[in-house]
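**Student:** Coordinates in data-v9.txt, compact mmCIF, C-alpha atoms, are listed below.
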```txt
# COMPACT_ATOMS: atom_id res chain seq x y z
CA MET Q 371 -36.30 -29.08 34.02
CA ALA Q 372 -35.74 -29.66 30.34
CA THR Q 373 -34.67 -26.65 28.39
CA MET Q 374 -34.41 -25.69 24.77
CA GLN Q 375 -32.29 -23.25 22.83
CA PHE Q 376 -34.22 -20.08 22.05
CA ASP Q 377 -32.99 -17.57 19.48
CA LEU Q 378 -34.71 -14.38 18.49
CA VAL Q 379 -33.14 -12.73 15.46
CA SER Q 380 -34.16 -9.72 13.44
CA PRO Q 381 -32.56 -8.86 10.09
CA GLU Q 382 -30.26 -6.40 11.78
CA ARG Q 383 -29.15 -8.23 14.88
CA ARG Q 384 -29.61 -11.12 17.25
CA LEU Q 385 -31.85 -9.98 20.09
CA ALA Q 386 -31.77 -12.97 22.33
CA SER Q 387 -30.11 -16.32 22.56
CA MET Q 388 -30.70 -18.33 25.71
CA GLU Q 389 -31.90 -21.53 27.29
CA VAL Q 390 -35.61 -21.51 28.01
CA SER Q 391 -38.20 -23.96 29.23
CA GLU Q 392 -41.02 -22.62 27.09
CA VAL Q 393 -41.79 -20.03 24.45
CA GLN Q 394 -45.19 -18.51 23.83
CA ILE Q 395 -45.50 -17.63 20.16
CA PRO Q 396 -48.15 -15.43 18.54
CA GLY Q 397 -48.73 -17.65 15.52
CA ALA Q 398 -50.72 -16.53 12.51
CA ASP Q 399 -53.49 -19.00 13.33
CA GLY Q 400 -53.46 -18.41 17.06
CA ASP Q 401 -51.11 -18.44 20.01
CA LEU Q 402 -49.08 -21.50 20.74
CA THR Q 403 -46.54 -22.53 23.32
CA ALA Q 404 -43.46 -24.44 22.31
CA MET Q 405 -41.76 -26.60 24.92
CA PRO Q 406 -38.69 -28.81 24.58
CA ASP Q 407 -39.16 -31.64 22.07
CA HIS Q 408 -42.01 -29.94 20.34
CA ALA Q 409 -42.81 -31.49 16.98
CA PRO Q 410 -41.02 -29.69 14.11
CA LEU Q 411 -43.15 -26.74 13.11
CA ILE Q 412 -42.83 -23.66 10.98
CA THR Q 413 -45.43 -20.98 11.43
CA THR Q 414 -45.80 -17.39 10.38
CA LEU Q 415 -46.31 -14.80 13.09
CA ARG Q 416 -48.90 -12.13 13.52
CA PRO Q 417 -48.07 -8.91 15.35
CA GLY Q 418 -48.09 -9.74 19.03
CA VAL Q 419 -46.10 -10.45 22.13
CA LEU Q 420 -43.62 -13.27 22.31
CA ARG Q 421 -42.79 -14.62 25.75
CA ALA Q 422 -39.75 -16.70 26.57
CA ILE Q 423 -39.72 -18.32 30.00
CA GLY Q 424 -36.39 -19.52 31.27
CA ALA Q 425 -34.32 -19.83 34.40
CA GLU Q 426 -33.94 -16.06 34.63
CA GLY Q 427 -37.67 -15.51 34.52
CA GLU Q 428 -39.91 -14.33 31.77
CA LYS Q 429 -38.83 -12.10 28.90
CA ALA Q 430 -41.40 -10.50 26.64
CA TYR Q 431 -40.76 -9.15 23.16
CA PHE Q 432 -43.00 -7.31 20.80
CA VAL Q 433 -42.81 -8.66 17.23
CA THR Q 434 -44.47 -7.25 14.12
CA GLY Q 435 -44.31 -10.39 12.04
CA GLY Q 436 -41.97 -12.97 10.67
CA PHE Q 437 -41.92 -16.67 11.33
CA ALA Q 438 -40.96 -19.24 13.91
CA ASP Q 439 -38.99 -22.40 13.31
CA VAL Q 440 -39.50 -24.86 16.13
CA ALA Q 441 -37.61 -28.13 15.91
CA GLY Q 442 -37.12 -30.37 18.94
CA PRO Q 443 -34.25 -28.90 20.92
CA SER Q 444 -34.47 -25.38 19.56
CA ALA Q 445 -36.86 -22.59 18.72
CA THR Q 446 -35.74 -19.88 16.36
CA ILE Q 447 -37.85 -16.81 15.80
CA LEU Q 448 -37.08 -14.76 12.73
CA ALA Q 449 -38.86 -11.51 13.33
CA GLU Q 450 -39.29 -8.74 10.81
CA ARG Q 451 -38.99 -6.26 13.63
CA ALA Q 452 -38.70 -7.13 17.29
CA LEU Q 453 -37.88 -5.37 20.51
CA PRO Q 454 -38.31 -5.93 24.24
CA VAL Q 455 -41.74 -4.91 25.41
CA ASP Q 456 -40.26 -2.33 27.82
CA GLU Q 457 -38.80 -0.47 24.86
CA VAL Q 458 -42.08 0.04 23.07
CA THR Q 459 -42.56 3.80 23.12
CA GLY Q 460 -45.44 6.03 22.20
CA ASP Q 461 -43.64 7.25 19.09
CA LEU Q 462 -43.15 3.71 17.86
CA VAL Q 463 -46.77 2.87 18.44
CA GLU Q 464 -47.86 5.91 16.45
CA GLU Q 465 -45.43 5.05 13.68
CA LEU Q 466 -46.54 1.44 13.39
CA ILE Q 467 -50.21 2.25 13.47
CA SER Q 468 -50.02 5.01 10.90
CA ALA Q 469 -47.90 2.77 8.61
CA SER Q 470 -50.45 0.03 8.96
CA GLU Q 471 -53.32 2.42 8.26
CA THR Q 472 -51.69 3.68 5.07
CA ARG Q 473 -51.18 0.12 4.02
CA ARG Q 474 -54.77 -0.70 4.68
CA SER Q 475 -56.05 2.26 2.72
CA ASN Q 476 -53.74 1.48 -0.21
CA ALA Q 477 -54.57 -2.19 -0.23
CA SER Q 478 -56.06 -3.73 -3.34
CA ASP Q 479 -59.00 -6.13 -3.15
CA GLU Q 480 -56.72 -9.14 -2.87
CA THR Q 481 -54.65 -7.77 -0.05
CA ALA Q 482 -57.40 -5.92 1.82
CA ASP Q 483 -58.19 -8.86 4.10
CA ALA Q 484 -54.57 -9.42 5.03
CA ALA Q 485 -54.03 -5.72 5.68
CA ALA Q 486 -57.15 -5.48 7.84
CA LYS Q 487 -56.12 -8.54 9.84
CA TYR Q 488 -52.64 -7.16 10.29
CA HIS Q 489 -54.07 -3.89 11.51
CA ALA Q 490 -56.43 -5.57 13.96
CA ASP Q 491 -53.67 -7.81 15.35
CA LEU Q 492 -51.28 -4.91 15.59
CA THR Q 493 -53.65 -2.64 17.46
CA SER Q 494 -54.77 -5.33 19.87
CA ALA Q 495 -51.16 -6.31 20.62
CA LEU Q 496 -50.17 -2.71 21.16
CA ASP Q 497 -53.25 -2.10 23.28
CA ALA Q 498 -52.27 -4.99 25.50
CA ILE Q 499 -48.76 -3.61 25.91
CA VAL Q 500 -49.62 0.00 26.45
CA GLY Q 501 -52.60 -0.99 28.57
CA ARG Q 502 -55.21 1.25 27.04
CA MET S 929 13.54 23.13 -15.34
CA PRO S 930 11.23 24.15 -12.51
CA SER S 931 12.53 26.76 -10.15
CA LEU S 932 13.32 25.97 -6.53
CA LYS S 933 10.19 27.74 -5.38
CA ASP S 934 7.99 25.72 -7.73
CA LEU S 935 9.49 22.50 -6.45
CA LYS S 936 8.98 23.53 -2.88
CA ASN S 937 5.32 24.34 -3.54
CA ARG S 938 4.85 21.07 -5.32
CA ILE S 939 6.26 19.13 -2.38
CA GLU S 940 3.93 20.96 0.00
CA THR S 941 0.94 20.11 -2.22
CA VAL S 942 1.78 16.45 -2.34
CA LYS S 943 2.32 16.44 1.40
CA SER S 944 -1.13 17.79 2.10
CA THR S 945 -2.62 15.33 -0.36
CA ARG S 946 -0.91 12.58 1.55
CA LYS S 947 -2.40 13.86 4.77
CA ILE S 948 -5.87 13.72 3.26
CA THR S 949 -5.51 10.23 1.82
CA LYS S 950 -4.06 9.01 5.08
CA ALA S 951 -7.01 10.41 6.99
CA MET S 952 -9.46 8.90 4.53
CA GLN S 953 -7.78 5.56 4.91
CA MET S 954 -8.15 5.69 8.66
CA VAL S 955 -11.78 6.74 8.47
CA ALA S 956 -12.46 3.92 6.02
CA ALA S 957 -10.78 1.45 8.35
CA ALA S 958 -13.06 2.50 11.21
CA LYS S 959 -16.13 2.39 9.01
CA LEU S 960 -15.09 -0.96 7.61
CA ARG S 961 -15.07 -2.44 11.07
CA ARG S 962 -18.57 -1.19 11.71
CA ALA S 963 -19.80 -2.39 8.33
CA GLN S 964 -18.33 -5.82 8.94
CA GLU S 965 -19.99 -6.00 12.33
CA ALA S 966 -23.33 -5.11 10.77
CA ALA S 967 -22.86 -7.79 8.13
CA GLU S 968 -21.93 -10.27 10.83
CA MET S 969 -25.05 -9.46 12.85
CA ALA S 970 -27.31 -9.90 9.87
CA ARG S 971 -25.90 -13.29 9.02
CA PRO S 972 -27.91 -15.55 11.38
CA TYR S 973 -31.20 -14.21 10.04
CA ALA S 974 -30.21 -14.53 6.40
CA GLU S 975 -28.82 -18.02 6.82
CA ARG S 976 -31.86 -19.25 8.66
CA MET S 977 -34.16 -17.65 6.14
CA GLU S 978 -32.31 -19.29 3.29
CA ALA S 979 -32.42 -22.70 5.00
CA VAL S 980 -36.15 -22.55 5.70
CA MET S 981 -36.96 -21.26 2.24
CA SER S 982 -34.96 -23.85 0.39
CA GLY S 983 -36.58 -26.55 2.51
CA LEU S 984 -39.98 -25.18 1.65
CA ALA S 985 -39.16 -24.69 -1.97
CA GLN S 986 -38.24 -28.35 -2.22
CA ALA S 987 -41.43 -29.36 -0.48
CA VAL S 988 -43.72 -27.23 -2.60
CA GLY S 989 -41.39 -27.61 -5.54
CA ASN S 990 -42.75 -27.30 -9.01
CA SER S 991 -46.24 -28.24 -8.03
CA GLU S 992 -49.14 -26.43 -9.62
CA GLY S 993 -49.95 -23.16 -7.99
CA ALA S 994 -46.47 -22.54 -6.63
CA PRO S 995 -46.10 -18.81 -5.97
CA ARG S 996 -44.92 -16.79 -8.93
CA LEU S 997 -41.96 -15.49 -6.96
CA LEU S 998 -40.65 -19.04 -6.85
CA ALA S 999 -41.84 -20.48 -10.13
CA GLY S 1000 -41.39 -17.33 -12.20
CA THR S 1001 -43.78 -15.98 -14.76
CA GLY S 1002 -43.01 -18.78 -17.14
CA GLU S 1003 -41.25 -16.37 -19.45
CA ASP S 1004 -37.76 -15.06 -19.75
CA LYS S 1005 -38.20 -11.93 -21.82
CA VAL S 1006 -37.80 -8.93 -19.60
CA HIS S 1007 -34.89 -8.73 -17.20
CA LEU S 1008 -34.59 -6.29 -14.34
CA LEU S 1009 -31.06 -5.58 -13.21
CA VAL S 1010 -30.68 -3.98 -9.81
CA VAL S 1011 -27.22 -2.47 -9.83
CA MET S 1012 -25.96 -1.55 -6.39
CA THR S 1013 -23.02 0.80 -6.10
CA SER S 1014 -21.76 3.39 -3.68
CA GLU S 1015 -22.78 7.00 -3.26
CA ARG S 1016 -19.24 8.24 -3.07
CA GLY S 1017 -16.18 7.85 -5.19
CA LEU S 1018 -12.50 7.51 -4.31
CA CYS S 1019 -12.78 3.82 -3.64
CA GLY S 1020 -10.61 2.31 -6.34
CA GLY S 1021 -12.21 -0.04 -8.77
CA PHE S 1022 -15.21 -0.72 -6.56
CA ASN S 1023 -17.88 0.90 -8.71
CA SER S 1024 -16.35 0.20 -12.09
CA SER S 1025 -16.09 -3.51 -11.37
CA ILE S 1026 -19.83 -3.71 -10.65
CA ALA S 1027 -20.61 -1.55 -13.65
CA ARG S 1028 -18.43 -3.73 -15.85
CA LEU S 1029 -20.18 -6.90 -14.75
CA ALA S 1030 -23.57 -5.28 -15.27
CA ARG S 1031 -22.54 -4.01 -18.69
CA GLN S 1032 -21.40 -7.48 -19.79
CA ARG S 1033 -24.71 -8.91 -18.68
CA ILE S 1034 -26.66 -6.19 -20.43
CA GLN S 1035 -24.78 -6.77 -23.67
CA LYS S 1036 -25.38 -10.49 -23.42
CA LEU S 1037 -29.10 -10.06 -22.75
CA LEU S 1038 -29.54 -7.48 -25.48
CA GLY S 1039 -27.66 -9.77 -27.85
CA GLU S 1040 -30.18 -12.49 -27.08
CA GLY S 1041 -32.99 -10.11 -27.93
CA LYS S 1042 -34.25 -9.69 -24.36
CA THR S 1043 -35.58 -6.48 -22.90
CA VAL S 1044 -33.42 -5.00 -20.18
CA LYS S 1045 -34.54 -2.67 -17.43
CA ILE S 1046 -32.14 -1.17 -14.96
CA LEU S 1047 -32.78 -0.02 -11.43
CA THR S 1048 -29.77 1.62 -9.86
CA VAL S 1049 -29.01 1.95 -6.19
CA GLY S 1050 -26.26 4.45 -5.47
CA LYS S 1051 -25.18 7.43 -7.50
CA LYS S 1052 -21.93 6.14 -8.94
CA GLY S 1053 -23.39 3.21 -10.79
CA ARG S 1054 -26.06 5.36 -12.34
CA GLU S 1055 -23.45 7.79 -13.62
CA GLN S 1056 -21.47 5.01 -15.24
CA LEU S 1057 -24.39 3.22 -16.84
CA ARG S 1058 -26.33 6.30 -17.86
CA ARG S 1059 -23.86 7.03 -20.63
CA ASP S 1060 -24.72 3.93 -22.63
CA TYR S 1061 -28.02 2.68 -21.33
CA SER S 1062 -30.04 5.70 -20.29
CA ASP S 1063 -33.05 4.38 -22.25
CA HIS S 1064 -33.16 1.28 -20.09
CA MET S 1065 -33.11 3.03 -16.74
CA ILE S 1066 -36.42 2.74 -14.97
CA GLY S 1067 -35.56 4.03 -11.56
CA HIS S 1068 -32.98 5.05 -9.04
CA VAL S 1069 -32.74 4.66 -5.30
CA ASP S 1070 -30.85 7.40 -3.55
CA LEU S 1071 -29.14 6.38 -0.34
CA SER S 1072 -26.89 9.42 0.00
CA ASP S 1073 -28.79 10.69 3.04
CA VAL S 1074 -28.67 7.35 4.77
CA LYS S 1075 -25.93 7.21 7.37
CA ARG S 1076 -26.37 3.61 8.27
CA VAL S 1077 -28.09 1.18 5.98
CA GLY S 1078 -30.96 -0.46 7.83
CA TYR S 1079 -33.38 -3.20 7.02
CA ALA S 1080 -35.97 -0.52 6.29
CA ASN S 1081 -33.94 0.66 3.28
CA ALA S 1082 -33.71 -2.86 1.92
CA SER S 1083 -37.37 -3.39 2.54
CA ASP S 1084 -38.23 -0.22 0.59
CA ILE S 1085 -36.15 -1.36 -2.38
CA ALA S 1086 -37.69 -4.82 -2.15
CA SER S 1087 -41.26 -3.52 -2.13
CA ASP S 1088 -40.45 -1.34 -5.14
CA VAL S 1089 -39.11 -4.39 -6.98
CA LEU S 1090 -42.04 -6.55 -5.89
CA ASN S 1091 -44.61 -3.98 -6.95
CA ARG S 1092 -43.02 -3.86 -10.37
CA PHE S 1093 -43.06 -7.63 -10.51
CA ASP S 1094 -46.73 -7.78 -9.56
CA ALA S 1095 -47.46 -5.20 -12.21
CA GLY S 1096 -45.84 -7.54 -14.72
CA GLU S 1097 -42.99 -5.22 -15.57
CA PHE S 1098 -40.34 -7.93 -15.69
CA ASP S 1099 -39.81 -11.70 -15.55
CA VAL S 1100 -36.41 -12.08 -13.96
CA ALA S 1101 -34.63 -9.88 -11.44
CA THR S 1102 -30.93 -9.97 -10.69
CA ILE S 1103 -28.98 -7.93 -8.19
CA PHE S 1104 -25.41 -6.80 -8.76
CA TYR S 1105 -23.14 -6.05 -5.84
CA ASN S 1106 -19.65 -6.62 -4.51
CA ARG S 1107 -19.23 -9.51 -2.17
CA PHE S 1108 -16.74 -8.71 0.55
CA GLN S 1109 -13.83 -11.12 0.56
CA SER S 1110 -11.09 -9.13 2.22
CA VAL S 1111 -9.76 -5.60 2.26
CA ILE S 1112 -7.91 -6.17 -0.99
CA SER S 1113 -10.43 -8.35 -2.72
CA GLN S 1114 -14.10 -7.75 -3.40
CA ILE S 1115 -15.89 -9.98 -5.82
CA PRO S 1116 -18.48 -8.46 -8.12
CA THR S 1117 -21.46 -10.78 -7.93
CA ALA S 1118 -24.69 -11.22 -9.85
CA GLN S 1119 -27.43 -12.93 -7.91
CA GLN S 1120 -30.84 -13.82 -9.22
CA ILE S 1121 -33.56 -12.94 -6.71
CA ILE S 1122 -36.76 -13.42 -8.74
CA PRO S 1123 -37.67 -16.16 -9.39
CA ALA S 1124 -35.97 -17.38 -6.24
CA SER S 1125 -33.13 -19.78 -6.90
CA PHE S 1126 -31.46 -22.02 -4.39
CA ASP S 1127 -28.25 -23.99 -4.46
CA ASP S 1128 -29.40 -27.50 -5.14
CA ALA S 1129 -26.08 -28.81 -3.92
CA GLU S 1130 -27.06 -27.88 -0.39
CA GLU S 1131 -29.48 -30.56 0.63
CA VAL S 1132 -31.39 -29.83 3.79
CA GLU S 1133 -29.82 -31.93 6.50
CA GLY S 1134 -31.72 -35.03 7.49
CA GLY S 1135 -34.88 -33.71 5.94
CA THR S 1136 -36.82 -33.00 9.13
CA LEU S 1137 -40.51 -33.19 8.43
CA TYR S 1138 -42.02 -29.93 9.47
CA ASP S 1139 -45.59 -29.06 10.16
CA TYR S 1140 -46.49 -25.85 8.46
CA GLU S 1141 -48.99 -23.47 9.86
CA PRO S 1142 -51.27 -22.21 8.24
CA SER S 1143 -50.05 -24.24 5.22
CA GLU S 1144 -46.91 -24.75 3.18
CA GLU S 1145 -48.14 -22.48 0.43
CA ALA S 1146 -49.25 -19.75 2.82
CA VAL S 1147 -45.96 -19.80 4.70
CA LEU S 1148 -44.04 -19.71 1.44
CA GLU S 1149 -46.20 -16.89 0.15
CA ASP S 1150 -45.36 -14.91 3.25
CA LEU S 1151 -41.72 -15.86 3.21
CA LEU S 1152 -40.73 -15.16 -0.38
CA PRO S 1153 -41.14 -11.36 -0.27
CA ARG S 1154 -39.19 -11.34 2.99
CA GLY S 1155 -36.56 -13.46 1.31
CA VAL S 1156 -36.19 -10.87 -1.44
CA ALA S 1157 -35.82 -8.12 1.15
CA THR S 1158 -33.30 -10.16 3.10
CA GLN S 1159 -31.20 -10.85 0.03
CA ILE S 1160 -31.20 -7.18 -0.85
CA PHE S 1161 -30.30 -6.28 2.71
CA THR S 1162 -27.42 -8.74 2.74
CA ALA S 1163 -26.23 -7.36 -0.58
CA LEU S 1164 -26.38 -3.79 0.74
CA LEU S 1165 -24.35 -4.74 3.79
CA GLU S 1166 -21.79 -6.67 1.77
CA ASN S 1167 -21.57 -3.72 -0.56
CA GLY S 1168 -21.07 -1.36 2.37
CA ALA S 1169 -18.21 -3.42 3.75
CA SER S 1170 -16.70 -3.84 0.28
CA GLU S 1171 -16.87 -0.12 -0.38
CA GLN S 1172 -14.97 0.72 2.77
CA GLY S 1173 -12.48 -2.06 2.13
CA ALA S 1174 -11.89 -0.88 -1.41
CA ARG S 1175 -11.53 2.70 -0.24
CA MET S 1176 -9.10 1.66 2.44
CA SER S 1177 -6.77 -0.11 0.04
CA ALA S 1178 -7.14 2.61 -2.60
CA MET S 1179 -6.22 5.26 -0.05
CA ASP S 1180 -3.37 3.14 1.25
CA ASN S 1181 -1.95 3.01 -2.26
CA ALA S 1182 -2.49 6.72 -2.73
CA THR S 1183 -0.69 7.45 0.53
CA ARG S 1184 2.22 5.29 -0.51
CA ASN S 1185 2.41 6.87 -3.96
CA ALA S 1186 2.37 10.31 -2.42
CA GLY S 1187 5.27 9.26 -0.20
CA GLU S 1188 7.27 8.07 -3.18
CA MET S 1189 6.52 11.27 -5.05
CA ILE S 1190 7.64 13.38 -2.12
CA ASP S 1191 10.92 11.46 -1.97
CA LYS S 1192 11.52 11.94 -5.68
CA LEU S 1193 10.66 15.62 -5.57
CA THR S 1194 12.84 16.15 -2.51
CA ILE S 1195 15.82 14.62 -4.31
CA GLN S 1196 15.15 16.81 -7.32
CA TYR S 1197 14.82 19.83 -5.05
CA ASN S 1198 18.12 19.11 -3.28
CA ARG S 1199 19.91 18.51 -6.57
CA SER S 1200 18.79 21.78 -8.07
CA ARG S 1201 19.64 23.62 -4.89
CA GLN S 1202 23.10 22.09 -5.04
CA ALA S 1203 23.39 23.05 -8.69
CA VAL S 1204 22.52 26.64 -7.87
CA ILE S 1205 25.17 26.75 -5.14
CA THR S 1206 27.79 25.19 -7.41
CA ASN S 1207 26.98 27.70 -10.11
CA GLU S 1208 27.38 30.60 -7.74
CA LEU S 1209 30.74 29.25 -6.52
CA ILE S 1210 31.99 28.85 -10.09
CA GLU S 1211 31.00 32.41 -10.81
CA ILE S 1212 32.81 33.72 -7.74
CA ILE S 1213 35.94 31.68 -8.42
CA SER S 1214 36.13 32.53 -12.09
CA GLY S 1215 35.53 36.16 -11.15
CA ALA S 1216 38.42 36.03 -8.70
CA GLU S 1217 40.69 34.32 -11.23
CA ALA S 1218 40.01 36.99 -13.83
CA LEU S 1219 41.42 39.68 -11.59
```
What is this file in structure tokens?
**Tutor:**
Amino acid sequence: MATMQFDLVSPERRLASMEVSEVQIPGADGDLTAMPDHAPLITTLRPGVLRAIGAEGEKAYFVTGGFADVAGPSATILAERALPVDEVTGDLVEELISASETRRSNASDETADAAAKYHADLTSALDAIVGR
Amino acid sequence: MPSLKDLKNRIETVKSTRKITKAMQMVAAAKLRRAQEAAEMARPYAERMEAVMSGLAQAVGNSEGAPRLLAGTGEDKVHLLVVMTSERGLCGGFNSSIARLARQRIQKLLGEGKTVKILTVGKKGREQLRRDYSDHMIGHVDLSDVKRVGYANASDIASDVLNRFDAGEFDVATIFYNRFQSVISQIPTAQQIIPASFDDAEEVEGGTLYDYEPSEEAVLEDLLPRGVATQIFTALLENGASEQGARMSAMDNATRNAGEMIDKLTIQYNRSRQAVITNELIEIISGAEAL
């Protein structure tokens, strides 16, 4: 099976670097799956779950945003904040949601839409993880 | 001529100073390793970010409607200088070298009739610049309670800067920090962050044609603020490593100087002790001869 190089990096560290056969990316305009030899693509991310499927099985990461750079033999995800789904704790969920709510209430007219979308994406992603 | 007791006390003092500087050197060495690791870990993200942004910037280029963070406000009147220094002293010329660079830049800008605003990060830089330029200070970021600089800190500084930019408070922003070269050499650096500037020399390899989703402009719009935060984060990490490196070599020098001083004082102490003994002998002998 063809594989591609998958890297997930956050500003503070590299979270994952491995060979995978496909990556499911929560793109800003909808989910997409990148497989080896995907056409070069750069997309921004919405808050959601990123799945990398490789020889060792499936790994899922929660990302809050950032962007993905897919180019033929490699897929690099630059996430603002990312962590394995298993490590999402109640405290973190509370923190993210309250931060997002403050942002939404402080948003000006121009940014209100973006903030509302961010909040909706964030809550639905977290709901899916926590299983509410 | 100091008495024997004074000399002895003096030697003890210098010895305990040496112990302290030695300990500080060792602590700095340990911290330096951690700071370097942190800088190392942050590198892939920053490099990738830079590569994607410069590719995008070339694509969108100077077209109409390029984001203001890239194209600038079209003016060059008000400059914001973000001066990053350490929270603690005793690190050699670390803080003064940044302050000197900032001061030169301020003089130059003021000479050209520009308005200068200063945002300081770290206590030491504020103290040095406050003396001459307190009217220009518009803010200060205190990191003294932060044990380990995280992306969140950088992101806070970045959003502060960006809010000011959106409010039209300045046209050009530059950050000042020390780039870590080695333990003995840190290079004070000024880096323009708004409007974003890229090294034109570095052409994007091959020029892969990317699809952008949602669109080039939207991606760039999203990316540029992150780019600012990333550059500030990198600068903070470089600064952290530089600070520890500078402290390490400063403390190494201090330890060595203390050693030299102890040697000198010990010789002086022994000589005066010898002189005292000789004096006593002369007195005894001349006393005996007089009889």
**Student:** For Ala495 in chain Q, work out the shell of residues within 8 Å, counting all atoms listed in the file and skipping chain neighbours fewer than 6 positions away, then give it as a tab-separated table (two decimals) with C-alpha atoms, keeping the file's coordinate frame.
**Tutor:**
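So the final result, stored in around-v2.tsv, reads:
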```
chain	number	residue	atom	x	y	z
Q	417	PRO	CA	-48.07	-8.91	15.35
Q	418	GLY	CA	-48.09	-9.74	19.03
Q	419	VAL	CA	-46.10	-10.45	22.13
```
**Student:** If I take CA of Pro1123 in chain S and CA of Gly1168 in chain S, how far is one from the other in Å, to one decimal?
**Tutor:**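 Value for the CA of Pro1123 in chain S-CA of Gly1168 in chain S distance: 25.2 Å.
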**Student:** So that each row is one residue of chain Q with an atom at most 7 Å from chain S, can you give its shortest atom pair and the distance in Å to one decimal, using all atoms listed in the file, rows by chain and rising number, as a Markdown table?
**Tutor:**
```
| residue | atom | partner | partner_atom | distance |
| --- | --- | --- | --- | --- |
| Q:Val379 | CA | S:Tyr973 | CA | 5.9 |
| Q:Ser380 | CA | S:Tyr973 | CA | 6.4 |
| Q:Pro381 | CA | S:Ala970 | CA | 5.4 |
| Q:Glu382 | CA | S:Ala970 | CA | 5.0 |
| Q:Arg383 | CA | S:Met969 | CA | 4.7 |
| Q:Arg384 | CA | S:Met969 | CA | 6.6 |
| Q:Asp399 | CA | S:Pro1142 | CA | 6.4 |
| Q:Pro410 | CA | S:Tyr1138 | CA | 4.8 |
| Q:Leu411 | CA | S:Asp1139 | CA | 4.5 |
| Q:Ile412 | CA | S:Tyr1140 | CA | 5.0 |
| Q:Thr413 | CA | S:Glu1141 | CA | 4.6 |
| Q:Thr414 | CA | S:Val1147 | CA | 6.2 |
| Q:Leu448 | CA | S:Tyr973 | CA | 6.5 |
```
**Student:** Contacts of range 1178-1194 of chain S at 12 Å or less, counting only C-alpha atoms, minus same-chain residues fewer than 4 places along, as a PyMOL selection string?
**Tutor:** chain S and resi 930+932+934-957+1017-1022+1111-1113+1170-1174+1198-1201
**Student:** Using all atoms listed in the file, determine which residues lie at most 12 Å from Phe1093 in chain S, disregarding the query and same-chain residues fewer than 4 positions distant; provide the list as a list in words.
**Tutor:**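 Here the answer would be Arg996, Leu997, Gly1000, Thr1001, Val1006, His1007, Leu1008, Ala1086, Ser1087, Asp1088, Val1089, Glu1097, Phe1098, Asp1099, Val1100, Ala1101, Ile1121, Ile1122, Pro1123, Pro1153 and Val1156 of chain S.
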